[in-house]
file model00.tsv (TSV, C-alpha atoms)
chain	number	residue	atom	x	y	z
A	46	MET	CA	10.27	29.23	-13.03
A	47	ILE	CA	11.91	28.31	-9.69
A	48	VAL	CA	8.49	28.03	-8.00
A	49	SER	CA	7.21	25.81	-10.81
A	50	THR	CA	10.27	23.57	-10.55
A	51	LEU	CA	9.87	23.24	-6.77
A	52	LYS	CA	6.19	22.36	-7.15
A	53	THR	CA	7.02	19.72	-9.74
A	54	ARG	CA	9.72	18.30	-7.46
A	55	ALA	CA	7.28	18.20	-4.55
A	56	ALA	CA	4.70	16.41	-6.67
A	57	HIS	CA	7.27	13.81	-7.69
A	58	LEU	CA	8.24	13.24	-4.07
A	59	ALA	CA	4.60	13.02	-3.01
A	60	ARG	CA	4.02	10.24	-5.52
A	61	THR	CA	7.15	8.45	-4.33
A	62	ALA	CA	6.11	8.64	-0.69
A	63	LEU	CA	2.54	7.61	-1.42
A	64	GLY	CA	3.64	4.79	-3.67
A	65	ALA	CA	5.81	3.51	-0.85
A	66	ALA	CA	3.13	3.83	1.81
A	67	LEU	CA	0.43	2.31	-0.34
A	68	GLY	CA	2.67	-0.45	-1.60
A	69	LEU	CA	2.27	-2.25	1.72
A	70	GLY	CA	-0.89	-3.90	2.95
A	71	LEU	CA	0.01	-3.02	6.52
A	72	ALA	CA	-0.27	0.72	5.79
A	73	GLY	CA	-3.88	0.89	6.92
A	74	ALA	CA	-3.16	-0.98	10.14
A	75	VAL	CA	-0.26	1.31	11.01
A	76	ILE	CA	-1.85	4.63	10.26
A	77	PHE	CA	-5.41	4.05	11.47
A	78	GLN	CA	-4.40	4.84	15.05
A	79	PRO	CA	-0.68	5.79	15.10
A	80	MET	CA	-0.42	6.01	18.87
A	81	GLN	CA	-2.19	2.70	19.27
A	82	ALA	CA	1.14	1.05	18.52
A	83	PHE	CA	2.44	2.25	21.84
A	84	ALA	CA	-0.55	1.34	24.00
A	85	GLN	CA	-0.23	-1.40	26.58
A	86	ALA	CA	-3.22	-3.21	25.12
A	87	ALA	CA	-5.06	-3.00	21.82
A	88	GLU	CA	-8.28	-1.11	21.68
A	89	ALA	CA	-11.33	-2.72	20.14
A	90	ALA	CA	-11.01	-3.18	16.40
A	91	PRO	CA	-12.91	-0.65	14.24
A	92	ALA	CA	-16.31	-1.57	12.91
A	93	ALA	CA	-16.38	-3.92	9.93
A	94	ALA	CA	-16.00	-2.21	6.59
A	95	ALA	CA	-19.07	-1.61	4.50
A	96	ARG	CA	-19.73	-4.42	2.03
A	97	VAL	CA	-21.26	-2.24	-0.69
A	98	VAL	CA	-19.29	0.38	-2.62
A	99	PRO	CA	-20.50	2.87	-5.24
A	100	ARG	CA	-20.46	1.53	-8.79
A	101	ALA	CA	-17.76	2.82	-11.13
A	102	ALA	CA	-19.08	4.93	-14.00
A	103	GLY	CA	-17.31	2.83	-16.63
A	104	ALA	CA	-15.65	-0.57	-16.56
A	105	GLY	CA	-13.94	0.18	-13.26
A	106	PRO	CA	-10.48	-0.89	-12.07
A	107	ALA	CA	-8.42	-3.24	-14.20
A	108	LEU	CA	-8.65	-7.00	-13.75
A	109	TRP	CA	-6.32	-9.63	-15.21
A	110	ALA	CA	-6.63	-13.40	-15.50
A	111	ILE	CA	-4.31	-16.39	-15.83
A	112	ARG	CA	-5.83	-19.62	-17.08
A	113	ASP	CA	-4.78	-23.17	-17.81
A	114	ALA	CA	-6.70	-26.42	-18.21
A	115	ASP	CA	-7.90	-26.61	-14.61
A	116	SER	CA	-7.07	-23.23	-13.00
A	117	THR	CA	-8.15	-19.61	-13.15
A	118	ILE	CA	-6.29	-16.94	-11.23
A	119	TYR	CA	-7.54	-13.35	-11.17
A	120	LEU	CA	-5.23	-10.41	-10.41
A	121	PHE	CA	-6.83	-7.26	-9.03
A	122	GLY	CA	-4.98	-4.09	-8.01
A	123	THR	CA	-6.11	-2.34	-4.83
A	124	VAL	CA	-5.76	0.92	-2.93
A	125	HIS	CA	-5.29	0.39	0.80
A	126	VAL	CA	-7.06	3.59	1.92
A	127	LEU	CA	-10.02	5.17	0.11
A	128	ARG	CA	-12.76	7.69	0.66
A	129	PRO	CA	-16.06	5.86	1.41
A	130	THR	CA	-17.56	7.61	-1.62
A	131	THR	CA	-14.96	6.33	-4.11
A	132	ALA	CA	-16.80	4.61	-6.98
A	133	TRP	CA	-14.90	1.44	-7.81
A	134	GLY	CA	-17.63	-1.21	-7.77
A	135	SER	CA	-17.63	-3.51	-10.80
A	136	ALA	CA	-19.89	-6.39	-11.81
A	137	ARG	CA	-16.90	-8.02	-13.51
A	138	VAL	CA	-14.81	-7.91	-10.32
A	139	ASP	CA	-17.76	-9.00	-8.18
A	140	ALA	CA	-18.32	-12.05	-10.38
A	141	ALA	CA	-14.65	-13.03	-10.32
A	142	PHE	CA	-14.54	-12.65	-6.53
A	143	ALA	CA	-17.76	-14.58	-5.92
A	144	GLY	CA	-16.58	-17.46	-8.11
A	145	ALA	CA	-13.26	-17.91	-6.32
A	146	ASP	CA	-12.40	-20.88	-4.14
A	147	HIS	CA	-9.70	-18.91	-2.33
A	148	ILE	CA	-8.85	-15.23	-1.80
A	149	TRP	CA	-5.27	-14.00	-1.61
A	150	PHE	CA	-4.11	-10.64	-0.20
A	151	GLU	CA	-0.67	-9.29	0.57
A	152	ILE	CA	-1.42	-10.25	4.16
A	153	SER	CA	-4.26	-12.47	5.31
A	154	ASN	CA	-5.32	-10.19	8.17
A	155	PRO	CA	-5.53	-6.59	6.91
A	156	ASP	CA	-8.26	-5.97	9.49
A	157	ASP	CA	-6.13	-7.03	12.46
A	158	GLN	CA	-5.16	-3.85	14.31
A	159	ALA	CA	-3.88	-5.64	17.40
A	160	SER	CA	-1.22	-7.77	15.70
A	161	ILE	CA	0.71	-4.74	14.45
A	162	ILE	CA	1.29	-3.32	17.94
A	163	PRO	CA	4.06	-5.65	19.18
A	164	LEU	CA	5.76	-5.50	15.79
A	165	ILE	CA	5.85	-1.70	15.88
A	166	GLN	CA	7.11	-1.80	19.45
A	167	GLN	CA	9.89	-4.17	18.38
A	168	HIS	CA	10.89	-2.73	15.00
A	169	GLY	CA	9.48	0.79	14.83
A	170	VAL	CA	11.03	2.63	17.76
A	171	SER	CA	14.61	3.43	18.73
A	172	PRO	CA	14.90	5.59	21.87
A	173	ASP	CA	18.69	5.42	21.58
A	174	ARG	CA	18.61	7.05	18.11
A	175	PRO	CA	15.82	9.62	18.29
A	176	LEU	CA	14.73	11.51	15.19
A	177	SER	CA	15.94	14.73	16.82
A	178	SER	CA	19.50	13.40	16.51
A	179	LEU	CA	19.08	12.52	12.82
A	180	LEU	CA	17.20	15.49	11.37
A	181	THR	CA	18.14	19.14	10.99
A	182	ALA	CA	16.35	21.85	12.96
A	183	GLU	CA	14.40	22.81	9.83
A	184	GLU	CA	13.37	19.19	9.24
A	185	LEU	CA	12.22	18.87	12.85
A	186	THR	CA	10.05	21.96	12.38
A	187	ASP	CA	8.53	20.34	9.29
A	188	LEU	CA	8.09	17.09	11.22
A	189	ASN	CA	6.19	18.87	13.98
A	190	ALA	CA	3.87	20.55	11.47
A	191	ALA	CA	3.23	17.28	9.63
A	192	ALA	CA	2.79	15.28	12.84
A	193	ALA	CA	-0.13	17.51	13.82
A	194	GLY	CA	-2.07	15.97	10.94
A	195	ALA	CA	-1.71	12.59	12.62
A	196	GLY	CA	-2.71	13.95	16.02
A	197	LEU	CA	0.90	13.83	17.20
A	198	THR	CA	3.85	16.12	17.83
A	199	ALA	CA	7.49	15.85	16.85
A	200	ALA	CA	8.29	15.15	20.50
A	201	GLN	CA	5.91	12.18	20.55
A	202	MET	CA	7.38	10.85	17.32
A	203	ASP	CA	10.96	11.35	18.43
A	204	ILE	CA	11.42	7.66	19.27
A	205	PHE	CA	9.99	6.54	15.90
A	206	ARG	CA	12.49	4.99	13.55
A	207	PRO	CA	12.56	6.96	10.28
A	208	TRP	CA	10.60	4.31	8.33
A	209	LEU	CA	7.70	4.43	10.80
A	210	ALA	CA	7.67	8.22	10.84
A	211	GLY	CA	7.66	8.26	7.04
A	212	LEU	CA	4.90	5.68	6.76
A	213	THR	CA	2.72	7.41	9.34
A	214	LEU	CA	3.15	10.86	7.80
A	215	SER	CA	2.69	9.60	4.25
A	216	VAL	CA	-0.93	8.84	4.95
A	217	ALA	CA	-1.76	11.32	7.74
A	218	PRO	CA	-2.95	14.10	5.38
A	219	LEU	CA	-5.08	11.58	3.53
A	220	ILE	CA	-6.98	10.64	6.67
A	221	LYS	CA	-7.60	14.34	7.30
A	222	ALA	CA	-8.95	14.62	3.74
A	223	GLY	CA	-11.48	11.83	4.27
A	224	TYR	CA	-9.53	8.75	3.22
A	225	ASP	CA	-10.18	5.83	5.56
A	226	PRO	CA	-8.42	2.46	5.97
A	227	ARG	CA	-11.81	0.92	6.72
A	228	SER	CA	-12.87	1.82	3.17
A	229	GLY	CA	-9.74	0.34	1.63
A	230	VAL	CA	-10.28	-2.42	-0.90
A	231	GLU	CA	-8.79	-5.22	1.21
A	232	MET	CA	-10.97	-4.34	4.18
A	233	ILE	CA	-14.08	-4.44	1.99
A	234	LEU	CA	-13.14	-7.71	0.30
A	235	LYS	CA	-12.01	-9.35	3.56
A	236	ALA	CA	-15.42	-8.58	5.10
A	237	ARG	CA	-17.16	-10.06	2.06
A	238	ALA	CA	-14.99	-13.18	2.12
A	239	ASP	CA	-15.72	-13.69	5.81
A	240	ASP	CA	-19.44	-13.25	5.20
A	241	ILE	CA	-19.62	-15.96	2.55
A	242	GLY	CA	-16.96	-18.23	3.98
A	243	ILE	CA	-14.27	-18.03	1.28
A	244	PRO	CA	-10.83	-18.92	2.74
A	245	VAL	CA	-8.38	-15.98	2.86
A	246	HIS	CA	-4.61	-16.34	2.49
A	247	GLY	CA	-1.63	-13.99	2.43
A	248	PHE	CA	1.50	-13.92	0.30
A	249	GLU	CA	3.29	-12.41	3.29
A	250	THR	CA	2.88	-11.92	7.02
A	251	LEU	CA	2.64	-8.65	8.93
A	252	ASP	CA	6.05	-9.21	10.46
A	253	LYS	CA	7.58	-9.71	7.01
A	254	GLN	CA	6.00	-6.50	5.76
A	255	VAL	CA	7.28	-4.57	8.77
A	256	GLY	CA	10.69	-6.10	8.14
A	257	ILE	CA	10.76	-4.78	4.57
A	258	LEU	CA	10.82	-1.18	5.77
A	259	ALA	CA	12.59	-1.80	9.09
A	260	GLY	CA	15.32	-3.69	7.24
A	261	MET	CA	16.24	-0.80	4.98
A	262	SER	CA	19.41	1.10	5.84
A	263	GLU	CA	19.01	4.11	8.08
A	264	ALA	CA	20.08	6.32	5.18
A	265	ASP	CA	17.32	4.93	2.95
A	266	GLN	CA	14.78	5.26	5.76
A	267	LEU	CA	15.77	8.89	6.24
A	268	SER	CA	15.49	9.51	2.52
A	269	PHE	CA	11.95	8.14	2.63
A	270	LEU	CA	11.07	10.33	5.62
A	271	ARG	CA	12.57	13.45	4.07
A	272	SER	CA	10.67	12.84	0.82
A	273	THR	CA	7.49	12.53	2.86
A	274	LEU	CA	8.12	15.77	4.74
A	275	GLU	CA	9.00	17.71	1.58
A	276	ALA	CA	5.90	16.49	-0.24
A	277	TYR	CA	3.46	16.51	2.67
A	278	ASP	CA	1.27	19.35	1.38
A	279	ASP	CA	0.82	17.68	-2.02
A	280	ALA	CA	-0.06	14.20	-0.76
A	281	THR	CA	-3.84	14.41	-1.04
A	282	THR	CA	-3.78	15.90	-4.55
A	283	GLU	CA	-1.40	13.21	-5.72
A	284	LEU	CA	-3.39	10.35	-4.20
A	285	ASP	CA	-6.56	11.74	-5.76
A	286	ALA	CA	-4.83	11.45	-9.14
A	287	MET	CA	-3.73	7.90	-8.37
A	288	VAL	CA	-7.19	6.84	-7.25
A	289	ASP	CA	-8.87	8.40	-10.29
A	290	ALA	CA	-6.53	6.50	-12.60
A	291	TRP	CA	-6.99	3.25	-10.68
A	292	ALA	CA	-10.79	3.49	-10.47
A	293	THR	CA	-11.11	4.04	-14.22
A	294	GLY	CA	-8.63	1.35	-15.24
A	295	ASP	CA	-6.16	3.92	-16.62
A	296	ILE	CA	-3.05	1.78	-16.29
A	297	ALA	CA	-0.72	4.14	-18.16
A	298	THR	CA	-1.45	7.04	-15.79
A	299	LEU	CA	-1.32	4.79	-12.73
A	300	GLU	CA	2.11	3.55	-13.76
A	301	ARG	CA	3.36	7.09	-14.26
A	302	VAL	CA	2.12	8.49	-10.97
A	303	SER	CA	2.71	5.51	-8.68
A	304	VAL	CA	5.68	3.56	-10.04
A	305	GLU	CA	7.90	5.47	-12.45
A	306	GLU	CA	8.68	8.28	-10.04
A	307	MET	CA	9.30	5.96	-7.11
A	308	LYS	CA	11.75	4.09	-9.31
A	309	ALA	CA	13.53	7.32	-10.25
A	310	GLU	CA	13.43	9.10	-6.89
A	311	SER	CA	13.91	6.20	-4.44
A	312	PRO	CA	15.42	3.17	-6.16
A	313	ALA	CA	16.10	1.38	-2.86
A	314	VAL	CA	12.47	1.74	-1.81
A	315	TYR	CA	11.34	0.68	-5.28
A	316	GLN	CA	13.43	-2.48	-5.16
A	317	ALA	CA	12.39	-3.37	-1.60
A	318	LEU	CA	8.68	-2.64	-1.88
A	319	LEU	CA	7.95	-3.67	-5.46
A	320	VAL	CA	10.55	-5.55	-7.47
A	321	GLN	CA	11.69	-8.13	-4.92
A	322	ARG	CA	8.20	-8.81	-3.65
A	323	ASN	CA	6.71	-9.04	-7.15
A	324	ALA	CA	9.25	-11.73	-8.03
A	325	ASP	CA	8.38	-13.67	-4.87
A	326	TRP	CA	4.63	-13.41	-5.50
A	327	ALA	CA	5.05	-14.51	-9.11
A	328	GLY	CA	6.64	-17.69	-7.83
A	329	GLN	CA	3.75	-18.28	-5.43
A	330	ILE	CA	1.27	-17.68	-8.25
A	331	GLN	CA	3.05	-20.26	-10.38
A	332	THR	CA	2.62	-22.74	-7.54
A	333	LEU	CA	-1.10	-21.93	-7.40
A	334	LEU	CA	-1.36	-22.38	-11.15
A	335	ALA	CA	0.13	-25.86	-10.85
A	336	GLY	CA	-2.91	-26.81	-8.77
A	337	SER	CA	-6.54	-26.44	-9.71
A	338	GLY	CA	-9.53	-24.24	-8.98
A	339	THR	CA	-10.13	-20.48	-8.97
A	340	ALA	CA	-8.19	-17.93	-6.94
A	341	PHE	CA	-8.81	-14.20	-6.62
A	342	ILE	CA	-5.67	-12.20	-5.82
A	343	ALA	CA	-5.97	-8.59	-4.59
A	344	VAL	CA	-2.70	-6.69	-3.98
A	345	GLY	CA	-1.66	-3.05	-4.11
A	346	ALA	CA	-2.19	-1.61	-7.58
A	347	ALA	CA	1.45	-0.51	-7.85
A	348	HIS	CA	2.44	-4.18	-8.01
A	349	LEU	CA	0.43	-4.71	-11.20
A	350	VAL	CA	1.78	-1.90	-13.40
A	351	GLY	CA	5.13	-1.26	-15.03
A	352	ASP	CA	8.03	-3.25	-16.41
A	353	ASP	CA	8.66	-5.00	-13.09
A	354	SER	CA	5.01	-5.85	-12.39
A	355	VAL	CA	3.83	-9.28	-11.34
A	356	GLN	CA	2.33	-9.79	-14.81
A	357	GLU	CA	5.56	-8.91	-16.62
A	358	ILE	CA	7.59	-11.24	-14.41
A	359	LEU	CA	5.10	-14.03	-15.08
A	360	LYS	CA	5.20	-13.36	-18.83
A	361	ASP	CA	9.00	-13.54	-18.74
A	362	ARG	CA	8.59	-16.97	-17.14
A	363	GLY	CA	6.26	-18.14	-19.89
A	364	VAL	CA	2.95	-17.61	-18.08
A	365	ALA	CA	0.26	-15.88	-20.18
A	366	VAL	CA	-1.62	-13.07	-18.43
A	367	THR	CA	-4.55	-11.33	-20.12
A	368	ARG	CA	-6.51	-8.27	-19.12
A	369	GLU	CA	-10.22	-8.95	-18.71
A	370	GLU	CA	-12.41	-6.65	-20.80

call {"tool": "encode", "arguments": {"input": "model00.tsv", "output": "structure tokens"}}
result
Amino acid sequence: MIVSTLKTRAAHLARTALGAALGLGLAGAVIFQPMQAFAQAAEAAPAAAARVVPRAAGAGPALWAIRDADSTIYLFGTVHVLRPTTAWGSARVDAAFAGADHIWFEISNPDDQASIIPLIQQHGVSPDRPLSSLLTAEELTDLNAAAAGAGLTAAQMDIFRPWLAGLTLSVAPLIKAGYDPRSGVEMILKARADDIGIPVHGFETLDKQVGILAGMSEADQLSFLRSTLEAYDDATTELDAMVDAWATGDIATLERVSVEEMKAESPAVYQALLVQRNADWAGQIQTLLAGSGTAFIAVGAAHLVGDDSVQEILKDRGVAVTREE
């Protein structure tokens, strides 16, 4: 009974940590090469993401639309890191994307590895408050074991602020399991947009996204890191469940595994990463709707499920949002 309870607790924490890591578009940029953030100069950017993805067996991931007399705005939930073999291709999504006048992501440059480096150097390290002074001996042992999955050691990560350590370690086991930022949805769609010349915009900037985590209290950052360490071994299994639900358009399961438990386990992270940003994006979408034309919006899937989703906020403001079938 105790073992079962501990496993359930670990699974809950894994979903919380993953929901937090994958709720930010910068996640792929940070975790693709963790030590790159401390290099004197950026290495060459990785090769462009593949433009073609396997077709989903059914209807594929969910797509929503907002329409008025002269505007159409599509809302599409994404996963920032995926296995190259993940089948999420959809004729419906392809048509909506190809017909758009503008593309909107969380950040306009999800493929820009170099821009994250100075931000991490500025906001992600604190030599005067090393992790070894904030964690217990047992937690440091867990940190060292988890860091190995990212090609690091606890000693190398000692100057990381807790939010950066948590973000890096949230996704490290996924990379080992074959998940790749270059196969993430934004990277694929950004490459397509560049190929056909569709303008790309961002609701936020990289520095704002870094500030969301860096601006949390040290206690909340440590809570995030500790959740990540406790749930490290379950991360891949939990993300597999999230991706399966997302790729099949199973919104109820996606809400349960990516949002509800983050809300219960880490309310500060939930508010910072989802609620506050969803409200801001809803306002920007209303501004877009006041104009004309077609926009395709692709943001982390966690932002488009649950009671505090972008759609629910828009509905509360009198904006009709319908799911495309």

call {"tool": "residues_around", "arguments": {"input": "model00.tsv", "residues": "region 142-145 of chain A", "least_positions_apart": "3", "cutoff": "10 Å", "atoms": "all atoms listed in the file", "output": "list of chain:residue names"}}
result
A:Thr117, A:Ile118, A:Tyr119, A:Phe121, A:Ala136, A:Arg137, A:Val138, A:Asp139, A:Ile148, A:Leu234, A:Arg237, A:Ala238, A:Ile241, A:Ile243, A:Pro244, A:Gly338, A:Thr339, A:Ala340, A:Phe341, A:Ile342, A:Ala343

call {"tool": "closest_residue", "arguments": {"input": "model00.tsv", "among": "A:Thr298, A:Met307, A:Ala191, A:Ala327", "to": "Glu275 (chain A)", "atoms": "all atoms listed in the file"}}
result
A:Ala191

call {"tool": "atom_distance", "arguments": {"input": "model00.tsv", "atom1": "CA of Tyr224 (chain A)", "atom2": "CA of Glu151 (chain A)"}}
result
20.3 Å

call {"tool": "residues_around", "arguments": {"input": "model00.tsv", "residues": "Ser177 (chain A)", "least_positions_apart": "6", "cutoff": "10 Å", "atoms": "only C-alpha atoms", "output": "list in words"}}
result
Glu184, Leu185, Leu188, Ala199, Ala200, Met202, Asp203 and Ile204 of chain A

call {"tool": "atom_distance", "arguments": {"input": "model00.tsv", "atom1": "CA of Ile162 (chain A)", "atom2": "CA of Pro226 (chain A)"}}
result
16.5 Å

call {"tool": "closest_residue", "arguments": {"input": "model00.tsv", "among": "A:Phe205, A:Phe150, A:Tyr277, A:Tyr315", "to": "Phe248 (chain A)", "atoms": "only C-alpha atoms"}}
result
A:Phe150

call {"tool": "atom_distance", "arguments": {"input": "model00.tsv", "atom1": "CA of Asp325 (chain A)", "atom2": "CA of Val126 (chain A)"}}
result
24.1 Å

call {"tool": "closest_residue", "arguments": {"input": "model00.tsv", "among": "A:Ala192, A:Val364, A:Leu127, A:Ala132", "to": "Val230 (chain A)", "atoms": "all atoms listed in the file"}}
result
A:Leu127

call {"tool": "residues_near_point", "arguments": {"input": "model00.tsv", "point": "(-14.4, 6.8, -6.9)", "cutoff": "9 Å", "atoms": "all atoms listed in the file", "output": "PyMOL selection string"}}
result
chain A and resi 99-102+127-134+288-289+292-293

call {"tool": "closest_residue", "arguments": {"input": "model00.tsv", "among": "A:Ser311, A:Asn189, A:Gln316, A:Asn154", "to": "Leu267 (chain A)", "atoms": "all atoms listed in the file"}}
result
A:Ser311

call {"tool": "closest_residue", "arguments": {"input": "model00.tsv", "among": "A:Asp265, A:Glu231, A:Glu283, A:Glu369", "to": "Leu299 (chain A)", "atoms": "all atoms listed in the file"}}
result
A:Glu283

call {"tool": "closest_residue", "arguments": {"input": "model00.tsv", "among": "A:Gly247, A:Pro207, A:Pro218, A:Gly103", "to": "Trp326 (chain A)", "atoms": "only C-alpha atoms"}}
result
A:Gly247

call {"tool": "build_atoms", "arguments": {"input": "model00.tsv", "residues": "region 207-224 of chain A", "atoms": "N, CA, C and O atoms", "output": "short mmCIF file (atom, residue, chain, number, x, y, z; two decimals), in the frame of the given file"}}
result
data_model
loop_
_atom_site.label_atom_id
_atom_site.label_comp_id
_atom_site.auth_asym_id
_atom_site.auth_seq_id
_atom_site.Cartn_x
_atom_site.Cartn_y
_atom_site.Cartn_z
N PRO A 207 12.95 6.15 11.44
CA PRO A 207 12.56 6.96 10.28
C PRO A 207 11.52 6.29 9.39
O PRO A 207 10.65 6.97 8.84
N TRP A 208 11.58 4.97 9.21
CA TRP A 208 10.60 4.31 8.33
C TRP A 208 9.19 4.45 8.88
O TRP A 208 8.25 4.66 8.12
N LEU A 209 9.04 4.33 10.20
CA LEU A 209 7.70 4.43 10.80
C LEU A 209 7.19 5.86 10.73
O LEU A 209 6.01 6.09 10.44
N ALA A 210 8.07 6.82 10.97
CA ALA A 210 7.67 8.22 10.84
C ALA A 210 7.25 8.52 9.41
O ALA A 210 6.21 9.17 9.17
N GLY A 211 8.01 8.02 8.44
CA GLY A 211 7.66 8.26 7.04
C GLY A 211 6.35 7.62 6.66
O GLY A 211 5.52 8.22 5.97
N LEU A 212 6.14 6.38 7.10
CA LEU A 212 4.90 5.68 6.76
C LEU A 212 3.70 6.37 7.38
O LEU A 212 2.67 6.57 6.73
N THR A 213 3.83 6.74 8.65
CA THR A 213 2.72 7.41 9.34
C THR A 213 2.38 8.73 8.67
O THR A 213 1.21 9.03 8.41
N LEU A 214 3.39 9.53 8.37
CA LEU A 214 3.15 10.86 7.80
C LEU A 214 2.79 10.82 6.33
O LEU A 214 2.21 11.78 5.81
N SER A 215 3.09 9.72 5.65
CA SER A 215 2.69 9.60 4.25
C SER A 215 1.18 9.60 4.11
O SER A 215 0.63 10.08 3.11
N VAL A 216 0.51 9.02 5.08
CA VAL A 216 -0.93 8.84 4.95
C VAL A 216 -1.72 9.77 5.86
O VAL A 216 -2.92 9.94 5.69
N ALA A 217 -1.05 10.43 6.82
CA ALA A 217 -1.76 11.32 7.74
C ALA A 217 -2.61 12.37 7.05
O ALA A 217 -3.78 12.57 7.41
N PRO A 218 -2.10 13.09 6.03
CA PRO A 218 -2.95 14.10 5.38
C PRO A 218 -4.13 13.50 4.64
O PRO A 218 -5.15 14.15 4.44
N LEU A 219 -3.99 12.24 4.24
CA LEU A 219 -5.08 11.58 3.53
C LEU A 219 -6.25 11.31 4.46
O LEU A 219 -7.41 11.45 4.09
N ILE A 220 -5.93 10.89 5.68
CA ILE A 220 -6.98 10.64 6.67
C ILE A 220 -7.73 11.94 6.95
O ILE A 220 -8.96 11.96 7.04
N LYS A 221 -6.98 13.03 7.07
CA LYS A 221 -7.60 14.34 7.30
C LYS A 221 -8.51 14.74 6.15
O LYS A 221 -9.51 15.43 6.33
N ALA A 222 -8.18 14.27 4.93
CA ALA A 222 -8.95 14.62 3.74
C ALA A 222 -10.10 13.65 3.49
O ALA A 222 -10.75 13.73 2.45
N GLY A 223 -10.33 12.72 4.40
CA GLY A 223 -11.48 11.83 4.27
C GLY A 223 -11.17 10.42 3.81
O GLY A 223 -12.08 9.60 3.70
N TYR A 224 -9.90 10.12 3.54
CA TYR A 224 -9.53 8.75 3.22
C TYR A 224 -9.56 7.92 4.51
O TYR A 224 -9.22 8.42 5.59
#
